[in-house]
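Visitor: Below is the file run.txt, which contains compact mmCIF, C-alpha atoms.
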# COMPACT_ATOMS: atom_id res chain seq x y z
CA MET B 1 162.30 133.94 193.32
CA ASN B 2 163.89 130.61 194.27
CA LEU B 3 165.89 129.38 191.29
CA THR B 4 166.35 125.63 190.79
CA SER B 5 167.40 123.35 187.97
CA GLU B 6 163.69 122.68 187.39
CA ASN B 7 162.77 126.32 186.73
CA THR B 8 166.07 127.79 185.49
CA ALA B 9 167.91 126.96 182.26
CA ILE B 10 171.47 127.66 181.16
CA VAL B 11 172.41 128.38 177.54
CA LEU B 12 176.01 128.15 176.31
CA ASP B 13 177.54 128.92 172.94
CA SER B 14 179.98 126.53 171.31
CA THR B 15 183.05 128.53 172.31
CA SER B 16 182.46 126.94 175.73
CA ASP B 17 183.80 123.71 174.19
CA TYR B 18 181.14 121.85 176.20
CA PRO B 19 178.91 120.12 173.63
CA ASP B 20 177.91 117.43 176.15
CA ALA B 21 176.13 119.96 178.39
CA PRO B 22 172.56 119.16 177.18
CA ALA B 23 173.14 115.42 177.55
CA ARG B 24 174.41 115.86 181.11
CA PHE B 25 171.87 118.41 182.28
CA PRO B 26 168.28 118.60 180.98
CA ASN B 27 168.18 122.35 181.70
CA MET B 28 171.24 123.18 179.55
CA ARG B 29 171.37 124.06 175.84
CA PHE B 30 174.24 124.60 173.40
CA VAL B 31 174.12 127.11 170.51
CA PRO B 32 176.81 126.61 167.85
CA LEU B 33 178.85 129.28 166.12
CA TYR B 34 179.75 128.76 162.47
CA VAL B 35 183.00 127.76 160.77
CA ARG B 36 183.54 128.41 157.08
CA PHE B 37 186.05 126.87 154.71
CA GLY B 38 185.50 128.95 151.59
CA ASP B 39 181.86 128.49 150.56
CA ASP B 40 181.29 125.57 152.95
CA SER B 41 179.71 126.54 156.29
CA TYR B 42 179.38 124.24 159.29
CA ARG B 43 177.83 124.48 162.74
CA ASP B 44 180.58 124.07 165.32
CA TYR B 45 180.56 120.58 166.88
CA LEU B 46 177.15 119.67 165.39
CA GLU B 47 178.32 119.48 161.77
CA LEU B 48 182.09 119.68 162.19
CA GLY B 49 183.71 117.97 165.16
CA PRO B 50 187.23 118.65 166.44
CA THR B 51 188.83 115.57 164.84
CA GLU B 52 187.42 116.37 161.40
CA PHE B 53 188.27 120.05 161.78
CA TYR B 54 191.96 119.54 162.56
CA GLU B 55 192.28 117.02 159.72
CA ARG B 56 190.74 119.49 157.30
CA LEU B 57 192.80 122.38 158.63
CA ARG B 58 195.99 120.41 158.00
CA VAL B 59 195.30 119.94 154.28
CA SER B 60 193.04 122.85 153.35
CA PRO B 61 194.47 125.63 151.15
CA VAL B 62 191.72 127.88 152.53
CA THR B 63 192.03 129.61 155.89
CA PRO B 64 188.84 128.97 157.89
CA ALA B 65 186.73 131.83 159.18
CA THR B 66 184.21 131.92 162.00
CA ALA B 67 180.86 133.63 162.45
CA GLN B 68 178.62 134.22 165.45
CA PRO B 69 175.18 132.65 165.83
CA THR B 70 172.32 134.77 164.52
CA PRO B 71 169.83 136.32 166.92
CA GLN B 72 167.28 133.88 165.49
CA ASP B 73 169.50 130.96 166.53
CA PHE B 74 169.20 132.18 170.10
CA VAL B 75 165.49 133.02 169.82
CA SER B 76 164.83 129.42 168.72
CA THR B 77 166.76 128.08 171.69
CA TYR B 78 165.07 130.42 174.18
CA GLU B 79 161.64 129.49 172.80
CA GLU B 80 162.52 125.81 173.21
CA LEU B 81 162.99 126.60 176.91
CA ALA B 82 159.52 128.13 177.29
CA GLY B 83 158.78 125.94 180.32
CA TYR B 84 161.55 127.59 182.36
CA GLU B 85 160.98 130.79 184.32
CA ARG B 86 164.56 132.05 184.06
CA ILE B 87 167.34 131.53 181.50
CA TYR B 88 170.99 132.37 182.10
CA SER B 89 172.77 132.72 178.76
CA LEU B 90 176.58 132.57 179.13
CA HIS B 91 178.78 133.75 176.28
CA VAL B 92 182.29 134.29 175.02
CA THR B 93 183.77 137.70 175.73
CA ALA B 94 182.08 140.44 173.71
CA LYS B 95 185.51 141.89 172.94
CA LEU B 96 186.36 138.89 170.74
CA SER B 97 182.98 137.95 169.22
CA GLY B 98 179.56 139.34 168.37
CA THR B 99 177.91 136.29 169.97
CA PHE B 100 176.97 138.19 173.14
CA GLN B 101 175.30 140.89 171.04
CA SER B 102 173.28 138.28 169.11
CA ALA B 103 172.12 136.76 172.39
CA GLU B 104 171.16 140.18 173.77
CA LEU B 105 169.09 140.98 170.66
CA ALA B 106 167.35 137.62 171.03
CA ALA B 107 166.65 138.25 174.71
CA GLN B 108 165.08 141.60 173.82
CA GLU B 109 162.87 139.87 171.27
CA ILE B 110 161.73 137.35 173.89
CA GLY B 111 160.91 140.32 176.12
CA GLY B 112 160.63 140.80 179.86
CA ASP B 113 163.49 139.80 182.12
CA LYS B 114 163.27 136.05 181.61
CA VAL B 115 166.62 135.83 179.79
CA ARG B 116 169.73 137.18 181.50
CA VAL B 117 172.67 137.39 179.10
CA ILE B 118 176.14 137.28 180.67
CA ASP B 119 179.38 138.37 179.06
CA THR B 120 181.74 135.91 180.73
CA LYS B 121 184.76 138.03 179.64
CA THR B 122 186.54 134.81 178.77
CA ALA B 123 186.30 131.78 176.47
CA SER B 124 186.38 128.01 176.14
CA LEU B 125 186.23 125.81 179.23
CA ALA B 126 186.16 128.79 181.56
CA ILE B 127 182.58 129.32 180.37
CA ALA B 128 181.80 125.65 181.04
CA MET B 129 183.21 126.02 184.55
CA LEU B 130 180.89 128.98 185.24
CA SER B 131 177.93 126.93 183.99
CA HIS B 132 178.77 124.20 186.51
CA ALA B 133 179.14 126.76 189.31
CA ILE B 134 175.66 128.06 188.54
CA GLN B 135 174.31 124.52 188.30
CA ARG B 136 175.70 123.64 191.74
CA ARG B 137 173.75 126.53 193.21
CA LEU B 138 170.59 125.66 191.31
CA ALA B 139 170.80 122.14 192.73
CA ARG B 140 170.32 123.50 196.27
CA GLY B 141 168.21 126.51 195.34
CA THR B 142 169.53 129.99 194.70
CA THR B 143 168.55 133.53 193.70
CA ASP B 144 169.37 136.00 190.95
CA GLU B 145 171.31 138.02 193.51
CA GLU B 146 173.47 135.04 194.47
CA ILE B 147 174.18 134.27 190.82
CA ASP B 148 175.10 137.91 190.23
CA ALA B 149 177.55 137.65 193.13
CA LEU B 150 178.91 134.39 191.70
CA VAL B 151 179.56 136.02 188.33
CA GLY B 152 181.44 138.80 190.12
CA ARG B 153 183.50 136.19 191.95
CA PHE B 154 184.14 134.40 188.66
CA TYR B 155 185.53 137.60 187.12
CA ALA B 156 187.87 138.01 190.10
CA TYR B 157 188.97 134.43 190.77
CA SER B 158 189.00 132.63 187.44
CA ASN B 159 191.90 132.67 185.03
CA VAL B 160 193.31 131.00 181.96
CA LEU B 161 196.81 130.57 180.70
CA PHE B 162 197.41 129.26 177.23
CA THR B 163 200.25 128.77 174.85
CA VAL B 164 200.29 128.30 171.09
CA GLU B 165 202.65 126.74 168.58
CA THR B 166 202.49 129.89 166.47
CA LEU B 167 200.91 133.34 166.80
CA GLU B 168 199.87 133.17 163.14
CA PHE B 169 196.30 132.06 163.85
CA LEU B 170 195.66 134.72 166.51
CA GLN B 171 197.04 137.37 164.16
CA ARG B 172 194.92 136.18 161.20
CA GLY B 173 191.78 136.47 163.29
CA GLY B 174 192.67 139.94 164.54
CA ARG B 175 193.06 138.79 168.15
CA ILE B 176 196.62 140.18 168.39
CA GLY B 177 198.61 142.65 166.33
CA LYS B 178 200.78 141.66 163.38
CA ALA B 179 203.89 143.06 165.06
CA GLN B 180 203.49 140.71 168.02
CA ALA B 181 203.13 137.72 165.71
CA ILE B 182 206.18 138.62 163.65
CA ALA B 183 208.32 139.26 166.74
CA GLY B 184 207.34 135.92 168.27
CA GLY B 185 208.16 134.04 165.09
CA LEU B 186 211.52 135.73 164.49
CA LEU B 187 212.74 135.07 168.01
CA ASN B 188 211.42 131.48 168.06
CA LEU B 189 209.67 132.18 171.34
CA ARG B 190 206.68 130.33 172.76
CA PRO B 191 204.21 132.90 174.08
CA VAL B 192 202.23 132.40 177.27
CA LEU B 193 198.96 134.29 177.00
CA SER B 194 195.92 135.01 179.14
CA VAL B 195 192.54 136.71 178.85
CA ASP B 196 192.22 139.89 180.88
CA ASP B 197 188.82 141.60 181.00
CA GLY B 198 187.91 139.87 177.74
CA VAL B 199 191.12 140.72 175.85
CA VAL B 200 193.91 138.30 174.88
CA ILE B 201 197.15 139.52 176.40
CA PRO B 202 200.71 138.14 176.41
CA VAL B 203 201.99 137.52 179.93
CA ALA B 204 205.35 135.92 179.11
CA ARG B 205 207.57 134.79 176.26
CA VAL B 206 209.69 131.74 176.90
CA ARG B 207 211.85 129.34 174.94
CA GLY B 208 210.47 125.83 174.81
CA ARG B 209 207.72 123.76 176.35
CA GLN B 210 209.41 123.17 179.72
CA LYS B 211 209.76 126.89 180.39
CA ALA B 212 206.12 127.39 179.38
CA LEU B 213 205.12 124.75 181.92
CA ALA B 214 207.25 126.42 184.58
CA GLU B 215 205.47 129.71 183.86
CA PHE B 216 202.07 128.00 184.13
CA GLU B 217 203.07 126.49 187.48
CA ARG B 218 204.40 129.76 188.90
CA ARG B 219 201.32 131.79 187.98
CA PHE B 220 198.88 129.06 189.03
CA SER B 221 200.60 128.69 192.41
CA GLU B 222 200.62 132.45 193.05
CA ALA B 223 196.94 132.90 192.14
CA THR B 224 195.35 129.98 194.05
CA THR B 225 195.11 128.24 197.40
CA ASP B 226 194.64 124.52 197.96
CA GLY B 227 191.06 123.57 198.77
CA PRO B 228 187.95 121.75 197.55
CA GLY B 229 186.60 124.91 195.87
CA LEU B 230 189.47 125.01 193.38
CA ARG B 231 188.45 123.64 190.00
CA ILE B 232 190.63 123.16 186.94
CA ALA B 233 190.07 122.53 183.26
CA ILE B 234 192.50 121.61 180.48
CA ALA B 235 191.84 122.02 176.77
CA HIS B 236 194.05 121.36 173.78
CA ALA B 237 194.03 121.79 170.02
CA ASN B 238 195.01 118.34 168.77
CA ALA B 239 197.79 118.13 171.38
CA GLU B 240 196.51 115.52 173.82
CA GLU B 241 199.93 114.87 175.33
CA TRP B 242 199.55 118.11 177.30
CA VAL B 243 196.60 116.77 179.32
CA GLY B 244 198.58 114.35 181.45
CA THR B 245 201.42 116.80 181.93
CA LEU B 246 199.13 119.62 183.10
CA SER B 247 197.07 117.27 185.26
CA GLU B 248 200.24 116.20 187.09
CA LEU B 249 201.23 119.84 187.49
CA ALA B 250 197.83 120.73 188.98
CA TRP B 251 197.79 117.86 191.46
CA ARG B 252 201.40 118.46 192.51
CA VAL B 253 200.80 122.15 193.22
CA ARG B 254 197.22 121.89 194.56
CA PRO B 255 196.46 118.30 195.69
CA LYS B 256 192.88 119.12 196.76
CA ALA B 257 191.90 120.67 193.44
CA GLU B 258 189.36 119.00 191.17
CA ILE B 259 190.02 118.65 187.46
CA GLU B 260 186.53 119.41 186.22
CA PHE B 261 187.05 119.21 182.44
CA THR B 262 189.52 117.97 179.88
CA SER B 263 188.57 118.60 176.28
CA THR B 264 189.72 119.08 172.72
CA LEU B 265 189.13 122.62 171.51
CA GLY B 266 186.40 122.82 168.90
CA ALA B 267 186.60 124.26 165.41
CA VAL B 268 185.76 127.86 166.34
CA VAL B 269 188.31 128.26 169.12
CA GLY B 270 190.75 126.06 167.18
CA THR B 271 190.52 128.40 164.19
CA HIS B 272 191.89 131.25 166.30
CA VAL B 273 194.59 129.48 168.32
CA GLY B 274 195.77 126.87 165.81
CA PRO B 275 196.91 123.25 166.22
CA GLY B 276 199.13 122.54 169.19
CA ALA B 277 197.62 125.16 171.46
CA VAL B 278 196.79 124.26 175.06
CA GLY B 279 194.76 126.07 177.69
CA PHE B 280 194.93 125.72 181.49
CA PHE B 281 191.91 127.16 183.33
CA TRP B 282 191.02 127.52 186.98
CA PHE B 283 188.28 128.95 189.16
CA GLN B 284 188.62 129.33 192.92
CA ASP B 285 184.95 128.96 193.86
CA GLU B 286 183.48 128.98 197.35
CA SER B 287 181.64 125.66 196.91
Once you've parsed the file, please lay out its structure as structure tokens.

Guide:
Amino acid sequence: MNLTSENTAIVLDSTSDYPDAPARFPNMRFVPLYVRFGDDSYRDYLELGPTEFYERLRVSPVTPATAQPTPQDFVSTYEELAGYERIYSLHVTAKLSGTFQSAELAAQEIGGDKVRVIDTKTASLAIAMLSHAIQRRLARGTTDEEIDALVGRFYAYSNVLFTVETLEFLQRGGRIGKAQAIAGGLLNLRPVLSVDDGVVIPVARVRGRQKALAEFERRFSEATTDGPGLRIAIAHANAEEWVGTLSELAWRVRPKAEIEFTSTLGAVVGTHVGPGAVGFFWFQDES
């Protein structure tokens, strides 16, 4: 089967931090997760945007919680795409969220092999970058086998480094252990973290922003080569000053790289990393 953007759709969840996808590409859809402040529940991005979220987080006595989309949320989206022959549904790592499971249940309800659900083993703009890589191939015509190979390449050649102002938010959400959070706070260290096979892992602990940037540069340089296939994304949690700094770093180290996305992290991802966090993503694609 020859897959094109006319017969193949892409579905993202809101942890991709790419709410503009449907406006940019008619074959893309965006399914929101939920954010709750006490009894008030909001659909990520659609009912609670990043600006409003960080303002509310600053003053709220209630710690927000997040929830995955329901299987019915995905069924409704898949049914909306009835005119497409194939749907690729790309989701946040199953080790951090039940979103992938909800999408799989929905795909089973749709039946057949029309919907292919992919655990991206990552989060945020890395998912958006994979959606663009698939879209580039759909634009020239591709196959399920080529997309399967692309996903394998994505697992091997994509990465994210991120740093947070405090480990408190990751610890609250169960994404790291309490001991790690306490140790980081006591020593006044800024952690540099990554996502490895779907799990958040610490890769370094440094003192101060400049040393965090130096760690980003060292790891980015070691993991990549300069070329037109190298794509970069930068996301921040109400810390826009990082965008220019990381853009300069990227272009200095890899002048031929393309900065594909810059974005503010939405409410769901922001709930888990906290204000001041910044993520630096890359994918060394072949095209």

Visitor: Can you measure atom CA of B:Ile118 to atom CA of B:Ser5 for me? One decimal in Å is fine.

Guide: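 Going from atom CA of B:Ile118 over to atom CA of B:Ser5 covers 18.0 Å.
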
Visitor: Determine, counting all atoms listed in the file, which protein, DNA and RNA residues have an atom within 10 Å of an atom of B:Lys121; residues of the same chain fewer than 6 positions away are not included. Present the result as a ChimeraX atom specification.

Guide: /B:90-96,127,154-155,195-199

Visitor: In terms of the shortest atom-to-atom distance over only C-alpha atoms, which of B:Thr245, B:Ser60, B:Thr8, B:Ser102 is closest to B:Gln72?

Guide: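 Ranking B:Thr245, B:Ser60, B:Thr8, B:Ser102 by distance to B:Gln72, first place goes to B:Ser102.
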
Visitor: So, with all atoms listed in the file as the atoms that count, which of B:Val117, B:Val203, B:Ala237, B:Val11 lies closest to B:Gly266?

Guide: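 Looking only at the distances to B:Gly266, the closest residue turns out to be B:Ala237.
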
Visitor: Pick out the closest residue to B:Gly49 from this set: B:Phe281, B:Tyr34, B:Trp242, B:Tyr157. Count only C-alpha atoms.

Guide: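 Nearest candidate to B:Gly49 out of B:Phe281, B:Tyr34, B:Trp242, B:Tyr157: B:Tyr34.
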